[in-house]
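**Q** My file is entry.txt. It has compact mmCIF, C-alpha atoms:
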# COMPACT_ATOMS: atom_id res chain seq x y z
CA MET N 12 -29.31 3.30 19.84
CA SER N 13 -25.99 2.80 18.10
CA GLY N 14 -23.69 5.47 16.71
CA ALA N 15 -23.78 6.04 12.95
CA LEU N 16 -20.04 6.06 12.18
CA MET N 17 -17.98 2.98 11.31
CA LEU N 18 -14.28 3.77 11.10
CA ASP N 19 -11.00 1.86 11.01
CA ILE N 20 -7.65 1.72 12.80
CA ALA N 21 -4.10 1.75 11.46
CA GLY N 22 -2.34 -1.07 13.26
CA LEU N 23 -2.37 -4.39 15.06
CA SER N 24 -3.51 -2.93 18.39
CA LEU N 25 -5.34 0.15 19.59
CA THR N 26 -3.64 3.49 20.10
CA GLU N 27 -4.83 5.88 22.79
CA GLU N 28 -6.53 7.94 20.07
CA ASP N 29 -8.29 4.80 18.79
CA LYS N 30 -9.59 4.04 22.28
CA HIS N 31 -10.85 7.57 22.73
CA LEU N 32 -12.69 7.46 19.39
CA LEU N 33 -14.25 4.05 19.97
CA GLN N 34 -15.76 5.31 23.22
CA ASN N 35 -17.50 8.19 21.43
CA PRO N 36 -21.26 7.48 21.37
CA GLN N 37 -21.43 8.52 17.70
CA VAL N 38 -19.05 5.68 16.77
CA GLY N 39 -20.99 2.47 16.37
CA GLY N 40 -18.70 0.29 14.29
CA LEU N 41 -15.12 -0.68 13.50
CA ILE N 42 -14.01 -2.32 10.25
CA LEU N 43 -10.79 -4.34 10.15
CA PHE N 44 -8.43 -4.73 7.19
CA SER N 45 -5.47 -6.93 6.31
CA ARG N 46 -3.11 -4.45 7.98
CA ASN N 47 -4.90 -5.16 11.28
CA TYR N 48 -4.21 -8.89 11.09
CA GLN N 49 -0.98 -10.74 11.81
CA SER N 50 -2.01 -14.03 13.41
CA PRO N 51 -4.98 -15.67 15.14
CA GLN N 52 -3.56 -14.83 18.57
CA GLN N 53 -2.99 -11.20 17.64
CA LEU N 54 -6.55 -10.94 16.28
CA SER N 55 -7.94 -12.47 19.45
CA ASP N 56 -5.97 -9.96 21.54
CA LEU N 57 -7.11 -7.05 19.36
CA VAL N 58 -10.79 -7.99 19.56
CA ARG N 59 -10.51 -8.41 23.34
CA GLU N 60 -8.93 -4.95 23.55
CA ILE N 61 -11.74 -3.49 21.42
CA ARG N 62 -14.45 -5.11 23.52
CA LEU N 63 -12.91 -3.84 26.76
CA CYS N 64 -12.93 -0.36 25.31
CA ALA N 65 -16.34 -0.45 23.57
CA PRO N 66 -18.34 -3.58 24.48
CA GLN N 67 -21.29 -2.98 22.12
CA ILE N 68 -19.40 -1.81 19.05
CA LEU N 69 -20.06 -3.68 15.79
CA ILE N 70 -16.86 -5.26 14.43
CA ALA N 71 -16.81 -5.89 10.69
CA VAL N 72 -14.51 -7.16 7.95
CA ASP N 73 -14.67 -7.97 4.24
CA GLN N 74 -14.16 -11.74 4.12
CA GLU N 75 -16.06 -12.67 0.96
CA GLY N 76 -13.52 -15.13 -0.40
CA GLY N 77 -11.30 -15.06 -3.47
CA ARG N 78 -9.69 -11.64 -3.98
CA VAL N 79 -11.54 -10.15 -1.03
CA GLN N 80 -10.42 -11.99 2.08
CA ARG N 81 -8.70 -9.80 4.68
CA PHE N 82 -7.65 -12.57 7.08
CA ARG N 83 -5.73 -15.35 5.34
CA GLU N 84 -2.91 -17.02 7.29
CA GLY N 85 -4.58 -19.06 10.03
CA PHE N 86 -8.00 -18.90 8.32
CA THR N 87 -9.41 -21.20 5.69
CA ARG N 88 -8.76 -19.87 2.21
CA LEU N 89 -12.14 -19.28 0.57
CA PRO N 90 -12.76 -19.51 -3.19
CA PRO N 91 -14.33 -16.70 -5.24
CA MET N 92 -18.10 -17.02 -5.35
CA ALA N 93 -18.08 -17.42 -9.15
CA VAL N 94 -16.93 -20.99 -8.54
CA LEU N 95 -20.34 -21.73 -7.06
CA GLY N 96 -21.97 -20.47 -10.25
CA LEU N 97 -19.91 -22.96 -12.23
CA LEU N 98 -21.00 -25.75 -9.89
CA TYR N 99 -24.63 -24.65 -10.22
CA SER N 100 -24.53 -25.18 -13.98
CA GLU N 101 -23.41 -28.77 -13.39
CA ASP N 102 -25.43 -29.80 -10.33
CA ARG N 103 -27.85 -27.32 -8.77
CA ASP N 104 -28.48 -29.21 -5.53
CA ASN N 105 -24.79 -29.81 -4.90
CA ALA N 106 -23.95 -26.16 -5.58
CA LEU N 107 -26.57 -24.97 -3.08
CA SER N 108 -25.28 -27.41 -0.46
CA VAL N 109 -21.69 -26.25 -0.99
CA ALA N 110 -22.79 -22.60 -0.81
CA THR N 111 -24.38 -23.23 2.58
CA GLU N 112 -21.24 -24.91 3.88
CA LEU N 113 -18.98 -22.10 2.67
CA GLY N 114 -21.28 -19.47 4.19
CA TRP N 115 -21.16 -21.32 7.49
CA LEU N 116 -17.37 -21.77 7.31
CA MET N 117 -16.66 -18.11 6.56
CA ALA N 118 -18.96 -16.90 9.30
CA ALA N 119 -18.07 -19.51 11.93
CA GLU N 120 -14.35 -18.76 11.78
CA LEU N 121 -14.97 -15.02 12.17
CA VAL N 122 -17.56 -15.30 14.93
CA ALA N 123 -15.16 -17.53 16.88
CA PHE N 124 -12.82 -14.53 17.08
CA GLY N 125 -15.56 -12.12 18.09
CA ILE N 126 -16.13 -10.56 14.65
CA ASP N 127 -19.78 -9.66 14.16
CA ILE N 128 -20.15 -9.40 10.39
CA SER N 129 -18.47 -9.91 7.08
CA PHE N 130 -19.97 -7.62 4.44
CA ALA N 131 -21.31 -10.49 2.35
CA PRO N 132 -22.71 -11.79 0.11
CA VAL N 133 -22.19 -9.91 -3.15
CA LEU N 134 -25.51 -9.83 -5.01
CA ASP N 135 -24.20 -8.07 -8.11
CA LEU N 136 -24.48 -9.82 -11.47
CA ASP N 137 -21.36 -10.59 -13.49
CA PHE N 138 -22.05 -9.00 -16.88
CA GLY N 139 -18.42 -9.61 -17.86
CA VAL N 140 -17.42 -5.94 -17.88
CA SER N 141 -16.70 -4.97 -14.26
CA GLN N 142 -13.26 -5.98 -13.07
CA VAL N 143 -13.96 -4.80 -9.53
CA ILE N 144 -16.94 -7.20 -9.35
CA GLY N 145 -16.02 -10.02 -11.75
CA ASP N 146 -15.60 -13.33 -9.96
CA ARG N 147 -16.87 -11.86 -6.69
CA ALA N 148 -20.34 -12.38 -8.19
CA PHE N 149 -21.98 -15.79 -8.01
CA SER N 150 -23.26 -15.66 -11.57
CA ALA N 151 -24.53 -13.55 -14.46
CA ARG N 152 -28.04 -14.95 -14.03
CA PRO N 153 -30.29 -13.27 -11.44
CA GLU N 154 -32.12 -16.43 -10.37
CA GLU N 155 -28.84 -18.28 -9.78
CA VAL N 156 -27.43 -15.41 -7.74
CA ALA N 157 -30.59 -15.37 -5.62
CA ALA N 158 -30.49 -19.13 -5.04
CA LEU N 159 -26.77 -19.37 -4.29
CA ALA N 160 -26.65 -16.26 -2.12
CA GLY N 161 -29.71 -17.49 -0.24
CA ALA N 162 -27.93 -20.77 0.50
CA PHE N 163 -24.77 -18.90 1.51
CA ILE N 164 -26.81 -16.71 3.89
CA LYS N 165 -28.41 -19.82 5.38
CA GLY N 166 -24.94 -21.04 6.34
CA MET N 167 -23.99 -17.65 7.77
CA ARG N 168 -27.10 -17.68 9.95
CA GLU N 169 -26.33 -21.18 11.21
CA ALA N 170 -23.00 -19.78 12.41
CA GLY N 171 -24.69 -16.83 14.13
CA MET N 172 -23.84 -14.08 11.61
CA ALA N 173 -26.19 -11.60 9.94
CA SER N 174 -26.00 -11.00 6.18
CA THR N 175 -25.27 -7.85 4.16
CA GLY N 176 -26.17 -7.86 0.47
CA LYS N 177 -24.18 -5.55 -1.79
CA HIS N 178 -24.12 -3.38 -3.88
CA PHE N 179 -27.75 -2.26 -4.21
CA PRO N 180 -29.29 -1.96 -6.80
CA GLY N 181 -26.37 -3.56 -8.71
CA HIS N 182 -22.75 -2.66 -9.58
CA GLY N 183 -22.01 -5.30 -12.22
CA TRP N 184 -23.04 -3.42 -15.38
CA VAL N 185 -20.57 -0.52 -15.13
CA VAL N 186 -16.94 -0.77 -16.20
CA ALA N 187 -15.62 1.93 -13.85
CA ASP N 188 -14.46 1.03 -10.34
CA SER N 189 -16.24 3.25 -7.81
CA HIS N 190 -13.14 3.18 -5.59
CA LEU N 191 -11.31 5.17 -8.27
CA ASP N 192 -13.98 6.71 -10.49
CA ILE N 193 -17.61 7.86 -10.64
CA PRO N 194 -19.45 5.05 -12.46
CA VAL N 195 -22.58 5.86 -14.44
CA ASP N 196 -25.09 3.17 -15.43
CA GLU N 197 -27.14 4.33 -18.41
CA ARG N 198 -29.76 1.56 -18.35
CA SER N 199 -33.45 2.13 -17.84
CA LEU N 200 -35.21 1.33 -14.59
CA ASP N 201 -37.05 -1.49 -16.39
CA ASP N 202 -33.73 -3.13 -17.32
CA ILE N 203 -32.39 -2.82 -13.77
CA GLU N 204 -35.61 -4.26 -12.35
CA ALA N 205 -35.56 -7.19 -14.74
CA GLN N 206 -31.97 -8.10 -13.90
CA ASP N 207 -30.04 -6.59 -11.00
CA LEU N 208 -32.91 -6.09 -8.57
CA VAL N 209 -34.08 -9.70 -8.78
CA PRO N 210 -31.62 -11.15 -6.21
CA PHE N 211 -32.19 -8.25 -3.81
CA ALA N 212 -35.98 -8.58 -3.98
CA SER N 213 -35.86 -12.35 -3.59
CA LEU N 214 -33.56 -12.28 -0.56
CA MET N 215 -35.50 -9.48 1.12
CA GLU N 216 -38.46 -11.83 1.14
CA GLN N 217 -36.23 -14.34 2.95
CA GLY N 218 -35.17 -11.81 5.61
CA LEU N 219 -31.95 -10.26 4.32
CA ASP N 220 -30.49 -8.44 7.33
CA ALA N 221 -28.67 -5.51 5.72
CA LEU N 222 -27.75 -3.86 2.45
CA MET N 223 -24.92 -1.72 1.13
CA PRO N 224 -25.81 0.60 -1.77
CA ALA N 225 -23.49 1.20 -4.70
CA HIS N 226 -21.60 4.42 -5.38
CA VAL N 227 -23.04 4.27 -8.90
CA ILE N 228 -25.21 6.86 -10.64
CA TYR N 229 -28.18 5.31 -12.47
CA ARG N 230 -28.68 8.32 -14.69
CA GLN N 231 -32.10 7.45 -16.10
CA VAL N 232 -33.44 7.08 -12.56
CA ASP N 233 -31.60 9.66 -10.43
CA ASP N 234 -28.62 11.97 -10.80
CA ARG N 235 -27.13 10.92 -7.46
CA PRO N 236 -25.28 7.69 -6.59
CA ALA N 237 -27.59 5.13 -4.97
CA GLY N 238 -25.99 5.60 -1.55
CA PHE N 239 -27.01 9.26 -1.51
CA SER N 240 -30.35 8.85 -3.27
CA PRO N 241 -33.66 9.35 -1.44
CA TYR N 242 -35.26 7.58 -4.41
CA TRP N 243 -33.18 4.40 -4.22
CA ILE N 244 -33.07 4.07 -0.43
CA GLY N 245 -36.07 5.97 0.89
CA GLN N 246 -38.63 5.37 -1.81
CA ARG N 247 -37.60 2.23 -3.64
CA LEU N 248 -35.92 0.22 -0.90
CA ARG N 249 -37.83 1.27 2.21
CA ARG N 250 -41.31 2.14 0.95
CA GLU N 251 -41.82 0.12 -2.21
CA MET N 252 -39.77 -2.99 -1.38
CA GLY N 253 -40.53 -2.81 2.34
CA PHE N 254 -36.96 -3.35 3.51
CA GLU N 255 -36.63 -2.89 7.27
CA GLY N 256 -33.03 -3.98 7.73
CA VAL N 257 -29.83 -2.01 8.15
CA VAL N 258 -28.44 0.14 5.33
CA PHE N 259 -24.66 0.59 5.46
CA SER N 260 -23.16 3.25 3.23
CA ASP N 261 -20.25 2.11 1.13
CA ASP N 262 -16.98 3.81 2.08
CA LEU N 263 -17.46 7.59 1.93
CA THR N 264 -13.82 8.10 0.98
CA MET N 265 -14.27 6.32 -2.36
CA GLU N 266 -14.13 8.42 -5.52
CA GLY N 267 -17.68 7.38 -6.37
CA ALA N 268 -18.84 9.30 -3.28
CA SER N 269 -17.06 12.51 -4.21
CA VAL N 270 -20.03 13.86 -6.22
CA ALA N 271 -21.80 14.49 -2.90
CA GLY N 272 -19.21 17.09 -1.89
CA GLY N 273 -16.98 17.24 1.21
CA TYR N 274 -17.15 14.69 4.00
CA GLU N 275 -19.78 16.52 6.02
CA GLU N 276 -21.95 16.80 2.88
CA ARG N 277 -21.41 13.12 2.10
CA ALA N 278 -22.48 12.16 5.62
CA ALA N 279 -25.50 14.44 5.57
CA GLN N 280 -26.73 13.21 2.19
CA ALA N 281 -26.22 9.53 3.03
CA LEU N 282 -28.15 9.89 6.28
CA GLU N 283 -30.88 11.93 4.60
CA ALA N 284 -31.22 9.25 1.92
CA GLY N 285 -31.76 6.63 4.61
CA CYS N 286 -28.40 5.06 5.52
CA ASP N 287 -28.13 3.81 9.12
CA MET N 288 -24.35 3.60 9.36
CA LEU N 289 -21.61 5.49 7.52
CA LEU N 290 -18.34 3.79 6.60
CA VAL N 291 -15.29 6.07 6.51
CA CYS N 292 -12.15 4.05 5.85
CA ASN N 293 -8.42 4.59 5.34
CA ASP N 294 -8.57 8.30 6.13
CA ARG N 295 -8.62 9.27 9.80
CA SER N 296 -9.00 12.96 8.96
CA ALA N 297 -12.15 12.19 6.95
CA ALA N 298 -13.52 10.05 9.79
CA LEU N 299 -12.96 12.89 12.25
CA GLN N 300 -14.79 15.30 9.95
CA VAL N 301 -17.79 12.97 9.78
CA LEU N 302 -17.66 12.47 13.53
CA ARG N 303 -17.70 16.22 14.13
CA TYR N 304 -20.67 16.54 11.81
CA LEU N 305 -22.59 13.83 13.70
CA GLU N 306 -21.81 15.48 17.03
CA LYS N 307 -22.81 18.90 15.74
CA ALA N 308 -26.03 17.56 14.24
CA GLY N 309 -26.82 15.59 17.40
CA HIS N 310 -27.52 12.50 15.32
CA PRO N 311 -29.62 10.10 17.40
CA GLY N 312 -28.13 6.89 15.97
CA SER N 313 -30.08 3.86 14.79
CA ASN N 314 -31.81 1.12 16.73
CA ARG N 315 -31.31 -1.25 13.79
CA ILE N 316 -27.52 -1.59 14.11
CA GLN N 317 -27.44 -3.92 17.10
CA ARG N 318 -29.45 -6.48 15.14
CA MET N 319 -26.19 -7.14 13.29
CA SER N 320 -24.27 -8.35 16.36
CA ALA N 321 -23.11 -11.95 16.10
CA THR N 322 -25.04 -14.50 18.14
CA GLY N 323 -22.67 -17.48 17.98
CA GLN N 324 -20.64 -18.28 21.09
CA TYR N 325 -17.80 -20.72 20.54
CA THR N 326 -14.03 -20.80 20.18
CA ILE N 327 -12.04 -21.49 17.04
CA ASP N 328 -10.77 -24.74 18.58
CA GLU N 329 -14.35 -25.87 19.18
CA ILE N 330 -15.27 -25.08 15.59
CA ARG N 331 -12.27 -26.88 14.13
CA SER N 332 -12.94 -30.00 16.16
CA THR N 333 -16.27 -30.56 14.39
CA GLU N 334 -16.94 -32.80 11.41
CA ARG N 335 -18.68 -29.88 9.71
CA TRP N 336 -15.55 -27.77 9.75
CA GLN N 337 -13.50 -30.66 8.39
CA HIS N 338 -16.01 -31.12 5.59
CA ALA N 339 -16.47 -27.42 4.78
CA SER N 340 -12.76 -26.57 4.86
CA GLY N 341 -12.10 -29.54 2.60
CA LEU N 342 -14.63 -28.21 0.09
CA ALA N 343 -13.06 -24.77 0.24
CA TYR N 344 -9.60 -26.23 -0.36
CA GLN N 345 -10.81 -28.18 -3.40
CA LEU N 346 -12.64 -25.23 -4.90
CA THR N 347 -9.78 -22.73 -4.61
CA ASP N 348 -7.92 -24.82 -7.19
CA ILE N 349 -10.69 -24.59 -9.82
What's the structure tokens form of this structure?

**A**
Amino acid sequence: MSGALMLDIAGLSLTEEDKHLLQNPQVGGLILFSRNYQSPQQLSDLVREIRLCAPQILIAVDQEGGRVQRFREGFTRLPPMAVLGLLYSEDRDNALSVATELGWLMAAELVAFGIDISFAPVLDLDFGVSQVIGDRAFSARPEEVAALAGAFIKGMREAGMASTGKHFPGHGWVVADSHLDIPVDERSLDDIEAQDLVPFASLMEQGLDALMPAHVIYRQVDDRPAGFSPYWIGQRLRREMGFEGVVFSDDLTMEGASVAGGYEERAAQALEAGCDMLLVCNDRSAALQVLRYLEKAGHPGSNRIQRMSATGQYTIDEIRSTERWQHASGLAYQLTDI
């Protein structure tokens, strides 16, 4: 079993408090941000320090590409995924091939440093209204998103990294940013099924490893955000769609999560809805409150989490000596200028 809390750290190395927390059996994951990265050598030292402290902990980062790439200097700059949608409209087969190479490149560079997962790919549709999603989405068309994300996941798997589709059942329709607001999607369930759910359903059939639900209220379906909704996670996702992978909550410190109450209430409702792991980021006090709740509740953890551990075993020098890396990094370089 793995602990249900994924938290973060403040700096470039572990403090004594960090080490103590990471050894708590209720802590199963650590997410890294740009503030935790200075150079490849520093990252290597940090991951080694983490592994000495908590060998089985899941180490994550958001390394989607474009605006959302936490590690930059010393890593290949990745284009926003919308570029692949533009390629798809010109040459489908080429776009799918490029998507596979970029998925492999992103994952291979992270796995070489001991990072288990990047929370990717984004499966939201770009309806042209959400600035927080925007060019993070592959396309506005569900079938294209499914095809391109499937190819991207194929590359991730070839590098030894599991995939996390986000933000279930779809964040692209709402204007509000759930980091700062409480978005409400007024569409009917039929509309959501016909559009947003298509990529999720398609990729589940192909073995999508994990999902992250949106902090969005789909008012005609449920009055709670999807990440706290027994309907969306328990009934729709688990029972009706048959998803057996990991469900990560989105960050419980986001404004979109505030409707669930205080941090203990947020944790309780997310777990009750069916989340396996709770992200609590950029607020150590909030993380400690969730940790105390998990300890008090005697939460047993999840046996699904360890499925997300990276399986690739290679160094960054080994990766960068390959023809595939030369080819993939060259593609990435070309596409960032589009």

**Q** Which residue out of N:Val140, N:Ala148, N:Ala15, N:Ile126 has the minimum interatomic distance to Val257 of chain N when only C-alpha atoms are used?

**A**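 Answer, going by the shortest atom-to-atom distance: N:Ala15.
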
**Q** Expressed in Å to a single decimal, how great is the separation between atom CA of Gly145 of chain N and atom CA of Met288 of chain N?

**A**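 Atom CA of Met288 of chain N lies at a distance of 26.5 Å from atom CA of Gly145 of chain N.
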
**Q** Determine the nearest neighbour of Gln37 of chain N from the options N:Ala187, N:Val209, N:Val143, N:Met12, counting all atoms listed in the file.

**A**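 So, comparing all the options, the nearest one is N:Met12.
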
**Q** Between atom CA of Leu342 of chain N and atom CA of Pro90 of chain N, what is the spacing in Å?

**A**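 Atom CA of Leu342 of chain N lies 9.5 Å from atom CA of Pro90 of chain N.
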
**Q** Find the spatial neighbours of Gln52 of chain N, counting all atoms listed in the file, within a cut-off of 12 Å - ignore same-chain residues fewer than 3 positions away - and output them as a list in words.

**A**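 Result of the neighbour search: Leu23, Ser24, Tyr48, Gln49, Ser55, Asp56, Leu57, Val58, Arg59, Glu84, Gly85, Phe86, Phe124 and Ile327 of chain N.
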
**Q** Quick one: write out the picked residues with C-alpha atoms as a CSV table (one decimal), keeping the file's coordinate frame?

**A**
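This went into result38.csv:
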chain,number,residue,atom,x,y,z
N,23,LEU,CA,-2.4,-4.4,15.1
N,24,SER,CA,-3.5,-2.9,18.4
N,48,TYR,CA,-4.2,-8.9,11.1
N,49,GLN,CA,-1.0,-10.7,11.8
N,55,SER,CA,-7.9,-12.5,19.4
N,56,ASP,CA,-6.0,-10.0,21.5
N,57,LEU,CA,-7.1,-7.0,19.4
N,58,VAL,CA,-10.8,-8.0,19.6
N,59,ARG,CA,-10.5,-8.4,23.3
N,84,GLU,CA,-2.9,-17.0,7.3
N,85,GLY,CA,-4.6,-19.1,10.0
N,86,PHE,CA,-8.0,-18.9,8.3
N,124,PHE,CA,-12.8,-14.5,17.1
N,327,ILE,CA,-12.0,-21.5,17.0

**Q** If you measure from atom CA of Arg235 of chain N to atom CA of Val301 of chain N, what distance in Å do you get, rounded to one decimal?

**A**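 For atom CA of Arg235 of chain N relative to atom CA of Val301 of chain N, the distance reads 19.7 Å.
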
**Q** Please provide the set of residues having any atom within 10 Å of segment 289-295 of chain N, restricted to only C-alpha atoms, with same-chain residues fewer than 2 positions apart removed, written as a compact mmCIF listing (two decimals) with C-alpha atoms, keeping the file's coordinate frame.

**A**
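Listing of out04.txt after writing:
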# COMPACT_ATOMS: atom_id res chain seq x y z
CA GLY N 14 -23.69 5.47 16.71
CA ALA N 15 -23.78 6.04 12.95
CA LEU N 16 -20.04 6.06 12.18
CA MET N 17 -17.98 2.98 11.31
CA LEU N 18 -14.28 3.77 11.10
CA ASP N 19 -11.00 1.86 11.01
CA ILE N 20 -7.65 1.72 12.80
CA ALA N 21 -4.10 1.75 11.46
CA VAL N 38 -19.05 5.68 16.77
CA GLY N 39 -20.99 2.47 16.37
CA GLY N 40 -18.70 0.29 14.29
CA LEU N 41 -15.12 -0.68 13.50
CA ILE N 42 -14.01 -2.32 10.25
CA LEU N 43 -10.79 -4.34 10.15
CA PHE N 44 -8.43 -4.73 7.19
CA VAL N 258 -28.44 0.14 5.33
CA PHE N 259 -24.66 0.59 5.46
CA SER N 260 -23.16 3.25 3.23
CA ASP N 261 -20.25 2.11 1.13
CA ASP N 262 -16.98 3.81 2.08
CA LEU N 263 -17.46 7.59 1.93
CA THR N 264 -13.82 8.10 0.98
CA MET N 265 -14.27 6.32 -2.36
CA TYR N 274 -17.15 14.69 4.00
CA ARG N 277 -21.41 13.12 2.10
CA ALA N 278 -22.48 12.16 5.62
CA ALA N 279 -25.50 14.44 5.57
CA ALA N 281 -26.22 9.53 3.03
CA LEU N 282 -28.15 9.89 6.28
CA CYS N 286 -28.40 5.06 5.52
CA ASP N 287 -28.13 3.81 9.12
CA ALA N 297 -12.15 12.19 6.95
CA ALA N 298 -13.52 10.05 9.79
CA LEU N 299 -12.96 12.89 12.25
CA GLN N 300 -14.79 15.30 9.95
CA VAL N 301 -17.79 12.97 9.78
CA LEU N 302 -17.66 12.47 13.53

**Q** Name all residues at most 8 Å from segment 240-251 of chain N (count all atoms listed in the file; drop same-chain ones fewer than 6 positions away) and give them as a list in words.

**A**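 In the requested form, the answer reads Pro180, Asp233, Gln280, Ala281, Glu283, Ala284, Gly285 and Cys286 of chain N.
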
**Q** Would you list the residues near (-13.6, 9.1, -5.0) (no more than 10 Å away, in the coordinates of the file, using all atoms listed in the file) as a list in words?

**A** Asp188, Ser189, His190, Leu191, Asp192, Ile193, His226, Asp262, Leu263, Thr264, Met265, Glu266, Gly267, Ala268, Ser269 and Val270 of chain N

**Q** Pick out the closest residue to Val72 of chain N from this set: N:Thr111, N:Ser313, N:Gln324, N:Ser129. Count all atoms listed in the file.

**A**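 Checking each candidate against Val72 of chain N, we get N:Ser129 as the closest.
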
**Q** Hey, which of N:Asp137, N:Ala225, N:Glu154, N:Arg103 ends up closest to Gly183 of chain N? Count only C-alpha atoms.

**A**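 Going through N:Asp137, N:Ala225, N:Glu154, N:Arg103 one by one, the smallest distance to Gly183 of chain N is for N:Asp137.
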
**Q** Which of these residues is nearest to Thr333 of chain N, using only C-alpha atoms: N:Ala119, N:Leu69, N:Val109, N:Met92?

**A**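 Closest candidate: N:Ala119.
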
**Q** When you look at Glu329 of chain N with a cut-off of 12 Å (counting only C-alpha atoms), what residues show up, excluding the ones that are within fewer than 3 positions of it in the same chain? I need them as a PyMOL selection string.

**A** chain N and resi 119-120+122-124+323-326+332-337

**Q** Between N:Leu346, N:Ala271, N:Met223, N:Met252, which is the closest to Val94 of chain N once you count all atoms listed in the file?

**A**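 Residue with the minimum atom-to-atom distance to Val94 of chain N: N:Leu346.
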
**Q** Applying 12 Å and all atoms listed in the file, which residues near Asn105 of chain N remain after dropping the ones on its own chain fewer than 4 positions away? List them as a PyMOL selection string.

**A** chain N and resi 95-101+109-112+159+162+342

**Q** Write the residues you've just listed into a file as a PDB file, keeping the file's coordinate frame, and include C-alpha atoms for each of them.

**A**
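This is the output file result_25.pdb:
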ATOM      1  CA  LEU N  95     -20.340 -21.730  -7.060  1.00  0.00           C
ATOM      2  CA  GLY N  96     -21.970 -20.470 -10.250  1.00  0.00           C
ATOM      3  CA  LEU N  97     -19.910 -22.960 -12.230  1.00  0.00           C
ATOM      4  CA  LEU N  98     -21.000 -25.750  -9.890  1.00  0.00           C
ATOM      5  CA  TYR N  99     -24.630 -24.650 -10.220  1.00  0.00           C
ATOM      6  CA  SER N 100     -24.530 -25.180 -13.980  1.00  0.00           C
ATOM      7  CA  GLU N 101     -23.410 -28.770 -13.390  1.00  0.00           C
ATOM      8  CA  VAL N 109     -21.690 -26.250  -0.990  1.00  0.00           C
ATOM      9  CA  ALA N 110     -22.790 -22.600  -0.810  1.00  0.00           C
ATOM     10  CA  THR N 111     -24.380 -23.230   2.580  1.00  0.00           C
ATOM     11  CA  GLU N 112     -21.240 -24.910   3.880  1.00  0.00           C
ATOM     12  CA  LEU N 159     -26.770 -19.370  -4.290  1.00  0.00           C
ATOM     13  CA  ALA N 162     -27.930 -20.770   0.500  1.00  0.00           C
ATOM     14  CA  LEU N 342     -14.630 -28.210   0.090  1.00  0.00           C
TER      15      LEU N 342
END

**Q** Missing atoms in segment 279-283 of chain N: fill them in up to all heavy atoms and send the result as a tab-separated table (two decimals), in the frame of the given file.

**A**
chain	number	residue	atom	x	y	z
N	279	ALA	N	-24.14	13.90	5.49
N	279	ALA	CA	-25.50	14.44	5.57
N	279	ALA	C	-26.40	13.83	4.51
N	279	ALA	O	-27.54	13.44	4.78
N	279	ALA	CB	-25.46	15.96	5.43
N	280	GLN	N	-25.90	13.73	3.27
N	280	GLN	CA	-26.73	13.21	2.19
N	280	GLN	C	-27.00	11.71	2.34
N	280	GLN	O	-28.09	11.24	2.03
N	280	GLN	CB	-26.07	13.49	0.84
N	280	GLN	CG	-26.09	14.96	0.46
N	280	GLN	CD	-25.50	15.21	-0.91
N	280	GLN	OE1	-25.71	14.45	-1.84
N	280	GLN	NE2	-24.75	16.30	-1.03
N	281	ALA	N	-26.00	10.96	2.82
N	281	ALA	CA	-26.22	9.53	3.03
N	281	ALA	C	-27.26	9.28	4.11
N	281	ALA	O	-28.14	8.42	3.98
N	281	ALA	CB	-24.90	8.85	3.39
N	282	LEU	N	-27.17	10.04	5.21
N	282	LEU	CA	-28.15	9.89	6.28
N	282	LEU	C	-29.54	10.34	5.82
N	282	LEU	O	-30.55	9.68	6.12
N	282	LEU	CB	-27.71	10.69	7.50
N	282	LEU	CG	-26.48	10.19	8.23
N	282	LEU	CD1	-26.03	11.20	9.27
N	282	LEU	CD2	-26.73	8.82	8.88
N	283	GLU	N	-29.60	11.44	5.09
N	283	GLU	CA	-30.88	11.93	4.60
N	283	GLU	C	-31.52	10.92	3.64
N	283	GLU	O	-32.74	10.75	3.64
N	283	GLU	CB	-30.68	13.26	3.88
N	283	GLU	CG	-31.98	13.88	3.34
N	283	GLU	CD	-31.74	15.16	2.60
N	283	GLU	OE1	-30.59	15.64	2.56
N	283	GLU	OE2	-32.71	15.70	2.03
